[in-house]
Every structure is written in structure tokens, then in C-alpha cells.
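Peer 1: After the C-alpha cells below, expect a handful of questions from me.
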Amino acid sequence: MVPTHVAIIPDGNRRWAREKGKGVMEGHEAGAEAFRAIALHAADCGVKHLSVWGLSLENAKKRSLREMAGLMNIFRKQFMSLKESDDIHSRQVKINVFGWWQKQFPARVRHEIEAAISATEHYSSYFLNFFLAYSGTNEMALAIQNILRNPPAKVTDETIKHSLLTKDLPAVDLVIRTGGEPHLSAGFMMWDVADAELYFPEVHWPDFTPAEFDKALEFYASRERRFGK
């Protein structure tokens with residue numbers, strides 16, 4: 001049984017770099033390389049939706065200017081590469097980006113993100129969903145504000161889902177958080193992960209290989225989905 005929707009919190013870039021005596025940006029660069037391998041492998045395994053939390057809204061505001069400049073350069077190069085990737089186009093992967101990146105990111109980075117979205121907008125075989133300058137608690141607050149603007153006679157699950165940034169995404173089946181930290185953060189996709197299985201491997205994100213991803217899928221297949229029952 002392969003999950004339809006896997007969400008990843010790729011934690012541990014900075015710790016990986018520190019443990020190896022490398023600079024912070026070397027850790028982020030290694031994390032970006034790990035992501036490319038996992039994104040393609042997940043699609044080849046049959047995972048239709050892969051969601052990746054690339055940067056929280058809180059971190060976008062509190063990280064040093066130097067680190068943020070480095071991250072912006074990585075994002076710019078990654079989306080430029082995705083836009084032109086034969087691997088993405090041959091698999092017909094649609095790229096979606098959620099969060100407050102349009103307000104937080106500089107124009108040169110926004111341009112490449114928008115270009116990658118445009119270049120893949122007609123695909124529907126697989127979906128690669130990025131969460132950039134994203135906060136789940138902010139997403140839920142925004143959803144409530146949207147509902148209050150035109151309140152229905154009754155608020156249902158469908159009302160809430162339709163008001164989220166992720167209204168077009170299916171519920172998450174499996175959440176993977178690397179780095180050995182068994183917790184969620186800032187309400188990451190809080191509505192969509194309500195019934196998800198949670199997997200917390202010890203390895204830091206740069207060491208999370210396709211073989212490690214296969215272990216996560218094996219874990220998921222071994223679980224009995226109860227959906228709160």
C-alpha cells in the first residue's frame with residue numbers, strides 16, 4: 001500500500017553541517033541535493049502528492065540576513081532547474097507553492113518560482129508541493145477570516161477545507177520529519193495531517209536517501225489506518 005500524499009519536514013541541515021565541521025550553507029546545499037533525489041524517487045514509487053516544507057514563516061523572519069540570502073540563492077537555482085528538468089517534464093509533475101513567499105521573497109526568486117509553476121501547470125500525473133515562508137497556524141487563521149467574510153448557515157469540514165491554502169490537495173497519509181525530533185511545528189498542514197501516520201527517522205535530512213524513503217513507505221504499509229476510530 002503506497003500513500004497518496006506524503007508530507008516531509010526536512011529537518012537537520014544545520015546539525016548535519018555542524019557535526020561534519022561544515023558551514024551552515026553547505027548543510028542547506030546538501031539538503032537541496034537530497035530533496036531532488038527524494039522527489040523523483042517518490043514519484044517513481046507511486047506517491048502522487050509529495051509536499052515539502054522548505055521554509056517556515058518564522059524562520060524566514062528570524063534567520064540571519066546572510067543565511068536568508070544563501071537560502072534565496074538555493075531556492076532560485078532549484079526552481080530554475082525544476083522548470084527545465086527533463087525528469088519533471090517526463091513524469092508530468094505539477095509544481096505548487098504555498099505560503100507567504102510572494103511577500104517574503106525577493107523578486108528574482110519569485111520570478112523563478114512563478115516560472116516553474118507556469119511551466120508545469122498543465123500536468124496532473126504527480127504533484128510536487130512546496131511550502132515556503134509557510135505557517136500552519138497562519139493558514140488556519142486566514143481560513144477562519146475567509147469564512148467570516150461570508151459566513152455559511154453551518155460550518156462543515158468541507159467549509160474549512162475549501163477555505164485553506166491547500167483546498168485542492170488531498171489529506172496527508174504520511175508525515176516524515178527527519179532529524180530525530182518527534183514533533184510537529186507551527187501547525188504544519190494542521191487540517192490535512194489530522195489522520196496521518198507520523199514517521200520520525202533519526203537521520204538528518206541530507207542523509208535521507210531513497211533507501212531511507214523506502215523504509216518510511218514500509219513503515220506506512222505496516223500501519224493500520226484507523227482514522228480516529
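Within each chain, counting starts at residue 1; across the C-alpha cells, chains are named A, B, ... in the order shown, with ligands numbered 1 upward in that order.
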Fewer than 6 positions away in the same chain doesn't count, so skip those; otherwise give me all residues within 12 Å of region 64-69 of chain A, counting only C-alpha atoms, as a PDB file with C-alpha atoms, in the first residue's frame.
Peer 2:
```
ATOM      1  CA  ARG A  14      22.253  22.800  10.197  1.00  0.00           C
ATOM      2  CA  GLY A  23      29.274  25.724   7.175  1.00  0.00           C
ATOM      3  CA  VAL A  24      25.537  26.216   7.518  1.00  0.00           C
ATOM      4  CA  MET A  25      25.063  26.869   3.811  1.00  0.00           C
ATOM      5  CA  GLU A  26      26.876  23.635   2.967  1.00  0.00           C
ATOM      6  CA  GLY A  27      24.222  21.882   5.018  1.00  0.00           C
ATOM      7  CA  HIS A  28      21.431  23.609   3.108  1.00  0.00           C
ATOM      8  CA  GLU A  29      23.089  22.798  -0.217  1.00  0.00           C
ATOM      9  CA  LEU A  55      10.995  27.241   4.985  1.00  0.00           C
ATOM     10  CA  SER A  56       8.713  28.272   7.839  1.00  0.00           C
ATOM     11  CA  LEU A  57       7.383  31.807   8.060  1.00  0.00           C
ATOM     12  CA  PHE A  75      15.624  28.368  -3.997  1.00  0.00           C
ATOM     13  CA  ARG A  76      16.277  30.413  -7.120  1.00  0.00           C
ATOM     14  CA  GLN A 104       8.781  37.469   1.860  1.00  0.00           C
ATOM     15  CA  PHE A 105      10.990  36.570  -1.122  1.00  0.00           C
ATOM     16  CA  PRO A 106      12.869  38.968  -3.416  1.00  0.00           C
ATOM     17  CA  ARG A 108      14.408  37.436  -8.633  1.00  0.00           C
ATOM     18  CA  VAL A 109      13.412  34.374  -6.574  1.00  0.00           C
ATOM     19  CA  ALA A 133       7.510  31.106   4.222  1.00  0.00           C
TER      20      ALA A 133
END
```
Peer 1: Would you list, as a ChimeraX atom specification, the residues of region 33-182 of chain A that end up in helix (DSSP H, G or I) under DSSP run on this structure's backbone?
Peer 2: /A:33-44,57-62,65-84,86-91,101-104,107-120,136-149,157-162
Peer 1: Could you tell me how far CA of Pro3 (chain A) lies from CA of Val93 (chain A), in Å and to one decimal?
Peer 2: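 CA of Val93 (chain A) lies 16.9 Å from CA of Pro3 (chain A).
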Peer 1: Could you list, as a short mmCIF file (atom, residue, chain, number, x, y, z; two decimals) with C-alpha atoms, in the first residue's frame, every residue within 7 Å of Phe130 (chain A), counting only C-alpha atoms and ignoring same-chain residues fewer than 4 positions away?
Peer 2:
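Wrote it out as around08.cif, contents follow:
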```cif
data_model
loop_
_atom_site.label_atom_id
_atom_site.label_comp_id
_atom_site.auth_asym_id
_atom_site.auth_seq_id
_atom_site.Cartn_x
_atom_site.Cartn_y
_atom_site.Cartn_z
CA SER A 51 4.67 18.04 -0.02
CA VAL A 52 7.89 19.54 1.35
CA TRP A 53 8.22 22.29 3.96
CA GLY A 54 11.10 24.28 2.59
CA ASN A 96 2.58 24.04 -6.48
CA VAL A 97 3.91 26.53 -3.93
CA PHE A 98 2.08 27.52 -0.75
#
```
Peer 1: Quick one: residues within 10 Å of Ile113 (chain A), only C-alpha atoms counted, chain neighbours fewer than 3 positions away excluded, as a VMD selection string?
Peer 2: chain A and resid 75 to 80 82 to 83 95 to 97 101 to 102 107 to 110 116 to 119
Peer 1: Write the residues you've just listed into a file as a PDB file, in the first residue's frame, and include C-alpha atoms for each of them.
Peer 2:
```
ATOM      1  CA  PHE A  75      15.624  28.368  -3.997  1.00  0.00           C
ATOM      2  CA  ARG A  76      16.277  30.413  -7.120  1.00  0.00           C
ATOM      3  CA  LYS A  77      18.600  27.778  -8.569  1.00  0.00           C
ATOM      4  CA  GLN A  78      16.363  24.872  -7.559  1.00  0.00           C
ATOM      5  CA  PHE A  79      13.240  26.284  -9.192  1.00  0.00           C
ATOM      6  CA  MET A  80      15.189  27.277 -12.283  1.00  0.00           C
ATOM      7  CA  LEU A  82      12.958  22.227 -11.893  1.00  0.00           C
ATOM      8  CA  LYS A  83      11.487  24.377 -14.643  1.00  0.00           C
ATOM      9  CA  ILE A  95       4.620  22.214  -9.121  1.00  0.00           C
ATOM     10  CA  ASN A  96       2.583  24.042  -6.480  1.00  0.00           C
ATOM     11  CA  VAL A  97       3.911  26.533  -3.929  1.00  0.00           C
ATOM     12  CA  TRP A 101       6.717  33.578  -0.223  1.00  0.00           C
ATOM     13  CA  GLN A 102       5.277  36.225  -2.536  1.00  0.00           C
ATOM     14  CA  ALA A 107      11.643  39.475  -6.978  1.00  0.00           C
ATOM     15  CA  ARG A 108      14.408  37.436  -8.633  1.00  0.00           C
ATOM     16  CA  VAL A 109      13.412  34.374  -6.574  1.00  0.00           C
ATOM     17  CA  ARG A 110       9.682  34.897  -7.032  1.00  0.00           C
ATOM     18  CA  ALA A 116       8.377  26.754 -12.627  1.00  0.00           C
ATOM     19  CA  ILE A 117       4.700  26.840 -11.663  1.00  0.00           C
ATOM     20  CA  SER A 118       3.747  28.117 -15.121  1.00  0.00           C
ATOM     21  CA  ALA A 119       5.922  25.565 -16.939  1.00  0.00           C
TER      22      ALA A 119
END
```
Peer 1: May I ask which of the residues A:Phe213, A:Trp191, A:Phe200, A:Tyr123 is the closest one to Gly12 (chain A), counting only C-alpha atoms?
Peer 2: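 Ranked by minimum distance to Gly12 (chain A), first place goes to A:Phe200.
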